[in-house]
Number of protein chains: 2
Amino acid sequence: MMSELEKLYTRIIQRATINLRELEFDVKPYVWGLVSPSQMEKFYAFYGITTDHPINFHFKHSGLAGSYFLGQCQVINSLLYKSDVRGDELKQKGDVLKFDKFEIEVSKDEEIYIEDSALIKTMVHNYSHDPESLEQFFIKNTVSTHYANIHGAPCDGCFLEPFATVDLTTLHDCVVGAFSYIQAGEINHLNIEPGTIWVRSQGNFDFSYRYPQDRLMKYVCFTAGSQPQGVFLDFMEERKDEFQRIFDTMNLESPLSVPDSSSLDRYAVIDLKTQIGDNVLVAQRAFLKNSRLGKGANAQENCFVINSRLEGNNITAHGAKIIETDLERDVFVGFNSFLHGKPDSRLTIGNGCIIMPHTIIDIREPLLIPDNHLVWGLITDQKDLESNSLSIADVESIENGLKKGNMTFEGSGKSLVTAFRERIHHILEANGAFFDGKNNKGHAQKNQDISFNTIQPYPKGSLKGLYPTITIQP
Amino acid sequence: MMSELEKLYTRIIQRATINLRELEFDVKPYVWGLVSPSQMEKFYAFYGITTDHPINFHFKHSGLAGSYFLGQCQVINSLLYKSDVRGDELKQKGDVLKFDKFEIEVSKDEEIYIEDSALIKTMVHNYSHDPESLEQFFIKNTVSTHYANIHGAPCDGCFLEPFATVDLTTLHDCVVGAFSYIQAGEINHLNIEPGTIWVRSQGNFDFSYRYPQDRLMKYVCFTAGSQPQGVFLDFMEERKDEFQRIFDTMNLESPLSVPDSSSLDRYAVIDLKTQIGDNVLVAQRAFLKNSRLGKGANAQENCFVINSRLEGNNITAHGAKIIETDLERDVFVGFNSFLHGKPDSRLTIGNGCIIMPHTIIDIREPLLIPDNHLVWGLITDQKDLESNSLSIADVESIENGLKKGNMTFEGSGKSLVTAFRERIHHILEANGAFFDGKNNKGHAQKNQDISFNTIQPYPKGSLKGLYPTITIQP
């Protein structure tokens, strides 16, 4: 007999498939078997209680596995398996959002709303960038798989493959292939191939790159009926036990002390050879080994920094991996980028570089990226670098588009650079990089005093793996 | 400035004092300072999710410290500091309670309801024995101190001193002194001296004993303005760190395996030299060292069994301490009893003995209690034993009362023995001692699959140490 959990999973898959009927995409072969009931029982979920974020959680008829919640959130008829759902930037009543020439006032505190969805090891962060839905960051009838990243992107009726990121976007009834990065405004009824990097600001610019499918498969490969495979999955798998250890201990003492202006999440993995400077945020499920994070650097959820040096004001976005790499100041490393130097062939990235989301740099010889370059795509040597980068000055001079290797750019380079610069500034600000001891507090300062409450599912019977209805309010 | 937690504590103390105005008892000097805000922040509270007990928890404007909840419970405007609140025997809708010649049907699921109360390391268990309040086991405007035990005894406007037990009773506006045990039906406006043992069944019997105050002070002494002191407190204090260790670990693996018919709570302290037989219940916060628990024995909350042997069907009630002692079969050791043999002067208790609640046996020479004896009060040698025990046959033959040492008995001895025998049978049954692999399941079998959800208070600000509003439903 089917357990309630299996019935729920079946219903969610059916709903997502109905939404995707125009694309003739059947969700079930891709995901049935990816979440087994025993995985749902194995983990405890948790949520943060702070005085800096409004508390309002409501979980009903759901499996929450290892989720971690900050900021208000409703989860109804959904399965969340080891997901991170972080709502510490949700808009509050009275906030004003600028969109084009509009100034829109937020009429009530925003909440994350997840209904009839399955999020498998998925990170959800930030707030709804949909001007039509300011008060609700919704994810409905959506199935997303391993290490997908839904960042400010409300979606309904979607299927996200492993390591896919949707960013600042609203998606309706789309399939987003493995390792694709989509930041393209509102999109509908699209089936996006794996390894698509698409950054569009309508009327201003349109950047697109597609990974060579044969070379991408080495890193991530996802086919119907199989678990996802490749270097990325192996990399995560090899480090799984070190995470398990920190989740097994209640009230873990920090292994090393950090400056008063910095925060090291108790669910991060860190060793004693790592050094943390001022105004540094190390988020939950970050993994740091033998590395130095200078003033204002951050290490976001699911990122890895190993044998590396970050000089200061560096952004290590969700899921980025930085190994045997030296970052000068003000380097931005976008979501899920994989920067893989070797002990005898280190990667060095100069001041002010922008490593675009979902960039892979996997080298066998030392490689230097000069100051102030924009870098994208797949790079394994100096030759690849030349066809996958431009100096930022050169980008700014583009007025009517450019083609370079697998990359196509339309519109104004200046507006692309401006958009990135503004975003980078905002991320550093939100994370507390500019804190002066008094003003400009961000997550690095505000997230120091979180209490985590853990919750667990029914241990047996037909409801095994599901949670009771839980409501948490101030 | 007063924190919200201090304001709440002040209000609770004031309410209890107003209720006790006829007794001219001022609660504040006894308890102010016993709970400091930092103690309230140090612990996490938790509650159990099972499929065998109805889930319904509601916590509001309260500090919950280390409480553990099973079965439905509301806590409003209250401070619970390391309390155990176990509701796994609450009545359910449709149950029928027999009281005298009445058969009363329970109209809705019973809940524990704690309002405007402070429970400091207090155990609350069982269900309301008040026939006027079948659906609510209430504790209102009540302050109870270290290791008090509210067992089936609704109370309002009361003050309970350390190691006091109220049992199957309803109390209104009473003060119950340290180490007193009261099982006396409904009582009002009484100030009960420390060390009073009072077991009354109106119309049937009335047993009372009073500890010599000078000798009791060695074990527990509680005066206004001071922390409680004495052997009992030192005994608990010395073992505190071993408990801390098990609360520091999430999902602790059991150090030893127990039969399928038994349950060992993951929050019990136990060593590898201890052996657990079939149908054994080892409850949360029990402490077992180098001991053997035979078939159907139990070790309830806050009890200690050290270097001892329990042959089978033994009850170790809440807070009982059994050290260097051998218990033959069917021995009942009542609440908070302190059985203290020494390695070279062991205590041996024969088959079928009833050690009344709050008995102290603290010996320097070996002592044997013959089969089928009723034992009470303070015993340090053979001479004390003779004046503080009777064979059960002799008790049964009492028809019109008896005085013996500090003990006064009125009424029928047979009815006292019958009442105890029935209660003992019920306790063994409820705890699963009679489980035959199929029928007669009790806590030993039902409590094997509990998930514990932990919750923590606000970490800073004016609400520090208080919990948000938390509602948990099926």
# chains A, B, ... in the order shown; residues from 1 in each chain; ligands from 1
>>> interface_residues(of="chain A", to="chain B", cutoff="7 Å", atoms="only C-alpha atoms", output="count of residues only")
27
>>> residues_around(residues="A:Arg421", least_positions_apart="2", cutoff="12 Å", atoms="only C-alpha atoms", output="list of chain:residue names")
A:Asp330, A:Val331, A:Phe332, A:Gly352, A:Cys353, A:Ile354, A:Asn372, A:Leu374, A:Ile392, A:Glu396, A:Lys414, A:Ser415, A:Leu416, A:Val417, A:Thr418, A:Ala419, A:Arg423, A:Ile424, A:His425, A:His426, A:Ile427, A:Leu428
>>> select_by_dssp(residues="stretch 382-428 of chain B", states="strand (DSSP E or B)", output="JSON, numbers by chain")
{"B": [389, 390, 391, 402, 403, 404, 407, 408, 409, 410, 411]}
>>> residues_around(residues="B:Tyr219", least_positions_apart="6", cutoff="7 Å", atoms="only C-alpha atoms", output="VMD selection string")
chain B and resid 230 to 232
>>> residues_around(residues="B:Gly319", least_positions_apart="5", cutoff="12 Å", atoms="only C-alpha atoms", output="mmCIF file with N, CA and C atoms, in the first residue's frame")
data_model
loop_
_atom_site.group_PDB
_atom_site.id
_atom_site.type_symbol
_atom_site.label_atom_id
_atom_site.label_comp_id
_atom_site.auth_asym_id
_atom_site.auth_seq_id
_atom_site.Cartn_x
_atom_site.Cartn_y
_atom_site.Cartn_z
ATOM 1 N N ASP B 84 9.525 18.234 33.019
ATOM 2 C CA ASP B 84 9.037 17.153 32.160
ATOM 3 C C ASP B 84 7.526 17.219 32.194
ATOM 4 N N LYS B 121 11.996 22.636 37.241
ATOM 5 C CA LYS B 121 12.411 21.217 37.289
ATOM 6 C C LYS B 121 11.301 20.361 37.884
ATOM 7 N N THR B 122 10.119 20.512 37.348
ATOM 8 C CA THR B 122 8.946 19.813 37.878
ATOM 9 C C THR B 122 8.467 18.760 36.899
ATOM 10 N N MET B 123 8.124 17.616 37.380
ATOM 11 C CA MET B 123 7.550 16.564 36.542
ATOM 12 C C MET B 123 6.030 16.652 36.620
ATOM 13 N N VAL B 124 5.379 16.684 35.461
ATOM 14 C CA VAL B 124 3.909 16.604 35.427
ATOM 15 C C VAL B 124 3.569 15.352 34.630
ATOM 16 N N HIS B 146 12.188 22.693 42.676
ATOM 17 C CA HIS B 146 13.008 21.578 42.190
ATOM 18 C C HIS B 146 12.414 20.197 42.442
ATOM 19 N N TYR B 147 12.273 19.447 41.368
ATOM 20 C CA TYR B 147 11.928 18.025 41.419
ATOM 21 C C TYR B 147 10.613 17.762 42.124
ATOM 22 N N ALA B 148 9.734 18.765 42.110
ATOM 23 C CA ALA B 148 8.368 18.504 42.555
ATOM 24 C C ALA B 148 7.706 17.631 41.492
ATOM 25 N N ASN B 149 6.639 16.976 41.874
ATOM 26 C CA ASN B 149 6.020 15.960 41.034
ATOM 27 C C ASN B 149 4.510 16.155 41.126
ATOM 28 N N ILE B 150 3.917 16.576 40.016
ATOM 29 C CA ILE B 150 2.467 16.797 39.989
ATOM 30 C C ILE B 150 1.885 15.635 39.207
ATOM 31 N N HIS B 151 1.328 14.696 39.903
ATOM 32 C CA HIS B 151 0.976 13.426 39.279
ATOM 33 C C HIS B 151 -0.535 13.221 39.325
ATOM 34 N N PRO B 162 10.642 21.808 47.105
ATOM 35 C CA PRO B 162 11.434 20.786 46.413
ATOM 36 C C PRO B 162 11.054 19.352 46.809
ATOM 37 N N PHE B 163 11.033 18.484 45.849
ATOM 38 C CA PHE B 163 10.754 17.058 46.044
ATOM 39 C C PHE B 163 9.381 16.809 46.654
ATOM 40 N N ALA B 164 8.482 17.793 46.564
ATOM 41 C CA ALA B 164 7.100 17.556 46.983
ATOM 42 C C ALA B 164 6.391 16.778 45.881
ATOM 43 N N THR B 165 5.476 15.902 46.271
ATOM 44 C CA THR B 165 4.639 15.214 45.291
ATOM 45 C C THR B 165 3.181 15.412 45.648
ATOM 46 N N PHE B 179 9.591 17.589 50.237
ATOM 47 C CA PHE B 179 9.553 16.133 50.395
ATOM 48 C C PHE B 179 8.225 15.623 50.974
ATOM 49 N N PHE B 232 19.874 15.143 48.798
ATOM 50 C CA PHE B 232 19.167 14.935 47.527
ATOM 51 C C PHE B 232 19.680 15.881 46.450
ATOM 52 N N LEU B 233 19.838 17.136 46.815
ATOM 53 C CA LEU B 233 20.298 18.122 45.838
ATOM 54 C C LEU B 233 21.723 17.823 45.389
ATOM 55 N N PHE B 235 23.156 14.954 45.373
ATOM 56 C CA PHE B 235 23.092 13.733 44.558
ATOM 57 C C PHE B 235 22.754 14.077 43.102
ATOM 58 N N MET B 236 21.765 14.943 42.899
ATOM 59 C CA MET B 236 21.369 15.342 41.544
ATOM 60 C C MET B 236 22.494 16.144 40.884
ATOM 61 N N ALA B 283 12.576 5.480 30.983
ATOM 62 C CA ALA B 283 12.019 6.747 30.530
ATOM 63 C C ALA B 283 13.111 7.802 30.401
ATOM 64 N N GLN B 284 12.700 8.906 29.807
ATOM 65 C CA GLN B 284 13.558 10.072 29.643
ATOM 66 C C GLN B 284 14.107 10.511 31.006
ATOM 67 N N ARG B 285 15.385 10.907 31.022
ATOM 68 C CA ARG B 285 16.032 11.386 32.251
ATOM 69 C C ARG B 285 16.101 10.341 33.354
ATOM 70 N N ALA B 286 15.968 9.066 33.011
ATOM 71 C CA ALA B 286 16.324 8.025 33.976
ATOM 72 C C ALA B 286 17.839 7.847 33.898
ATOM 73 N N PHE B 287 18.431 7.357 34.976
ATOM 74 C CA PHE B 287 19.888 7.242 35.077
ATOM 75 C C PHE B 287 20.208 5.837 35.572
ATOM 76 N N ALA B 299 11.855 2.054 34.866
ATOM 77 C CA ALA B 299 12.663 3.114 35.464
ATOM 78 C C ALA B 299 12.065 4.409 34.922
ATOM 79 N N GLN B 300 11.306 5.089 35.758
ATOM 80 C CA GLN B 300 10.557 6.260 35.297
ATOM 81 C C GLN B 300 11.399 7.539 35.311
ATOM 82 N N GLU B 301 10.836 8.610 34.838
ATOM 83 C CA GLU B 301 11.560 9.883 34.731
ATOM 84 C C GLU B 301 12.248 10.256 36.054
ATOM 85 N N ASN B 302 13.444 10.776 35.920
ATOM 86 C CA ASN B 302 14.201 11.303 37.060
ATOM 87 C C ASN B 302 14.555 10.255 38.101
ATOM 88 N N CYS B 303 14.461 8.964 37.764
ATOM 89 C CA CYS B 303 14.880 7.962 38.736
ATOM 90 C C CYS B 303 16.331 7.577 38.480
ATOM 91 N N PHE B 304 16.945 6.993 39.503
ATOM 92 C CA PHE B 304 18.343 6.566 39.430
ATOM 93 C C PHE B 304 18.426 5.116 39.900
ATOM 94 N N VAL B 305 19.072 4.263 39.117
ATOM 95 C CA VAL B 305 19.273 2.866 39.528
ATOM 96 C C VAL B 305 20.768 2.596 39.358
ATOM 97 N N VAL B 333 8.600 0.647 44.323
ATOM 98 C CA VAL B 333 9.355 1.708 45.002
ATOM 99 C C VAL B 333 8.703 3.029 44.618
ATOM 100 N N GLY B 334 8.069 3.671 45.593
ATOM 101 C CA GLY B 334 7.248 4.852 45.313
ATOM 102 C C GLY B 334 8.072 6.087 44.970
ATOM 103 N N PHE B 335 7.370 7.112 44.502
ATOM 104 C CA PHE B 335 7.969 8.390 44.102
ATOM 105 C C PHE B 335 9.043 8.865 45.083
ATOM 106 N N ASN B 336 10.143 9.335 44.515
ATOM 107 C CA ASN B 336 11.159 10.049 45.294
ATOM 108 C C ASN B 336 11.765 9.261 46.446
ATOM 109 N N SER B 337 11.496 7.954 46.507
ATOM 110 C CA SER B 337 12.127 7.186 47.586
ATOM 111 C C SER B 337 13.629 7.147 47.364
ATOM 112 N N PHE B 338 14.359 7.068 48.464
ATOM 113 C CA PHE B 338 15.822 7.107 48.407
ATOM 114 C C PHE B 338 16.321 5.847 49.114
ATOM 115 N N LEU B 339 16.670 4.835 48.310
ATOM 116 C CA LEU B 339 17.110 3.554 48.870
ATOM 117 C C LEU B 339 18.616 3.492 48.706
ATOM 118 N N PRO B 357 5.725 5.889 48.828
ATOM 119 C CA PRO B 357 6.368 7.071 48.252
ATOM 120 C C PRO B 357 7.116 7.843 49.337
ATOM 121 N N HIS B 358 8.239 8.448 48.945
ATOM 122 C CA HIS B 358 8.998 9.324 49.842
ATOM 123 C C HIS B 358 9.506 8.585 51.079
ATOM 124 N N THR B 359 9.966 7.370 50.850
ATOM 125 C CA THR B 359 10.626 6.624 51.929
ATOM 126 C C THR B 359 12.142 6.822 51.807
#
>>> residues_around(residues="A:Ser257", least_positions_apart="4", cutoff="10 Å", atoms="only C-alpha atoms", output="VMD selection string")
chain A and resid 253 262 to 264 272 275 to 276
>>> atom_distance(atom1="atom CA of A:Gly87", atom2="atom CA of A:Glu186")
21.4 Å
>>> closest_residue(among="A:Met40, A:Val269, A:Ala317, A:Ile12", to="A:Thr142", atoms="only C-alpha atoms")
A:Ile12
>>> atom_distance(atom1="atom CA of A:Asp167", atom2="atom CA of A:Ile322")
21.1 Å
>>> decode(residues="stretch 219-243 of chain B", atoms="N, CA and C atoms", output="PDB file, in the first residue's frame")
ATOM      1  N   TYR B 219      18.631  15.769  54.345  1.00  0.00           N
ATOM      2  CA  TYR B 219      18.323  15.347  52.972  1.00  0.00           C
ATOM      3  C   TYR B 219      17.811  16.493  52.100  1.00  0.00           C
ATOM      4  N   VAL B 220      16.928  17.303  52.674  1.00  0.00           N
ATOM      5  CA  VAL B 220      16.459  18.458  51.914  1.00  0.00           C
ATOM      6  C   VAL B 220      16.037  19.554  52.877  1.00  0.00           C
ATOM      7  N   CYS B 221      16.521  20.740  52.568  1.00  0.00           N
ATOM      8  CA  CYS B 221      16.271  21.878  53.442  1.00  0.00           C
ATOM      9  C   CYS B 221      16.015  23.089  52.549  1.00  0.00           C
ATOM     10  N   PHE B 222      14.902  23.729  52.744  1.00  0.00           N
ATOM     11  CA  PHE B 222      14.519  24.830  51.850  1.00  0.00           C
ATOM     12  C   PHE B 222      14.017  25.993  52.691  1.00  0.00           C
ATOM     13  N   THR B 223      14.754  27.079  52.659  1.00  0.00           N
ATOM     14  CA  THR B 223      14.337  28.261  53.424  1.00  0.00           C
ATOM     15  C   THR B 223      14.299  29.468  52.494  1.00  0.00           C
ATOM     16  N   ALA B 224      13.510  30.453  52.899  1.00  0.00           N
ATOM     17  CA  ALA B 224      13.363  31.660  52.084  1.00  0.00           C
ATOM     18  C   ALA B 224      14.724  32.277  51.801  1.00  0.00           C
ATOM     19  N   GLY B 225      14.926  32.699  50.576  1.00  0.00           N
ATOM     20  CA  GLY B 225      16.159  33.405  50.223  1.00  0.00           C
ATOM     21  C   GLY B 225      17.326  32.507  49.853  1.00  0.00           C
ATOM     22  N   SER B 226      17.179  31.198  49.991  1.00  0.00           N
ATOM     23  CA  SER B 226      18.296  30.299  49.672  1.00  0.00           C
ATOM     24  C   SER B 226      17.909  29.251  48.632  1.00  0.00           C
ATOM     25  N   GLN B 227      18.926  28.742  47.972  1.00  0.00           N
ATOM     26  CA  GLN B 227      18.719  27.577  47.117  1.00  0.00           C
ATOM     27  C   GLN B 227      18.431  26.379  48.021  1.00  0.00           C
ATOM     28  N   PRO B 228      17.652  25.413  47.559  1.00  0.00           N
ATOM     29  CA  PRO B 228      17.451  24.204  48.368  1.00  0.00           C
ATOM     30  C   PRO B 228      18.778  23.476  48.570  1.00  0.00           C
ATOM     31  N   GLN B 229      18.925  22.817  49.703  1.00  0.00           N
ATOM     32  CA  GLN B 229      20.181  22.147  50.027  1.00  0.00           C
ATOM     33  C   GLN B 229      19.948  20.761  50.587  1.00  0.00           C
ATOM     34  N   GLY B 230      21.004  19.966  50.653  1.00  0.00           N
ATOM     35  CA  GLY B 230      20.931  18.650  51.286  1.00  0.00           C
ATOM     36  C   GLY B 230      21.395  17.529  50.369  1.00  0.00           C
ATOM     37  N   VAL B 231      21.375  16.321  50.913  1.00  0.00           N
ATOM     38  CA  VAL B 231      21.870  15.126  50.213  1.00  0.00           C
ATOM     39  C   VAL B 231      21.196  14.944  48.851  1.00  0.00           C
ATOM     40  N   PHE B 232      19.874  15.143  48.798  1.00  0.00           N
ATOM     41  CA  PHE B 232      19.167  14.935  47.527  1.00  0.00           C
ATOM     42  C   PHE B 232      19.680  15.881  46.450  1.00  0.00           C
ATOM     43  N   LEU B 233      19.838  17.136  46.815  1.00  0.00           N
ATOM     44  CA  LEU B 233      20.298  18.122  45.838  1.00  0.00           C
ATOM     45  C   LEU B 233      21.723  17.823  45.389  1.00  0.00           C
ATOM     46  N   ASP B 234      22.589  17.459  46.355  1.00  0.00           N
ATOM     47  CA  ASP B 234      23.969  17.123  46.000  1.00  0.00           C
ATOM     48  C   ASP B 234      24.003  15.918  45.062  1.00  0.00           C
ATOM     49  N   PHE B 235      23.156  14.954  45.373  1.00  0.00           N
ATOM     50  CA  PHE B 235      23.092  13.733  44.558  1.00  0.00           C
ATOM     51  C   PHE B 235      22.754  14.077  43.102  1.00  0.00           C
ATOM     52  N   MET B 236      21.765  14.943  42.899  1.00  0.00           N
ATOM     53  CA  MET B 236      21.369  15.342  41.544  1.00  0.00           C
ATOM     54  C   MET B 236      22.494  16.144  40.884  1.00  0.00           C
ATOM     55  N   GLU B 237      23.049  17.060  41.626  1.00  0.00           N
ATOM     56  CA  GLU B 237      24.065  17.962  41.101  1.00  0.00           C
ATOM     57  C   GLU B 237      25.280  17.177  40.584  1.00  0.00           C
ATOM     58  N   GLU B 238      25.675  16.150  41.335  1.00  0.00           N
ATOM     59  CA  GLU B 238      26.866  15.376  40.951  1.00  0.00           C
ATOM     60  C   GLU B 238      26.684  14.643  39.619  1.00  0.00           C
ATOM     61  N   ARG B 239      25.438  14.394  39.241  1.00  0.00           N
ATOM     62  CA  ARG B 239      25.187  13.634  38.017  1.00  0.00           C
ATOM     63  C   ARG B 239      24.716  14.494  36.845  1.00  0.00           C
ATOM     64  N   LYS B 240      24.703  15.802  37.084  1.00  0.00           N
ATOM     65  CA  LYS B 240      24.186  16.737  36.084  1.00  0.00           C
ATOM     66  C   LYS B 240      24.951  16.680  34.758  1.00  0.00           C
ATOM     67  N   ASP B 241      26.274  16.589  34.837  1.00  0.00           N
ATOM     68  CA  ASP B 241      27.080  16.617  33.611  1.00  0.00           C
ATOM     69  C   ASP B 241      26.788  15.422  32.705  1.00  0.00           C
ATOM     70  N   GLU B 242      26.477  14.289  33.312  1.00  0.00           N
ATOM     71  CA  GLU B 242      26.198  13.111  32.476  1.00  0.00           C
ATOM     72  C   GLU B 242      24.911  13.294  31.668  1.00  0.00           C
ATOM     73  N   PHE B 243      23.974  14.045  32.236  1.00  0.00           N
ATOM     74  CA  PHE B 243      22.771  14.363  31.462  1.00  0.00           C
ATOM     75  C   PHE B 243      23.085  15.367  30.361  1.00  0.00           C
TER      76      PHE B 243
END
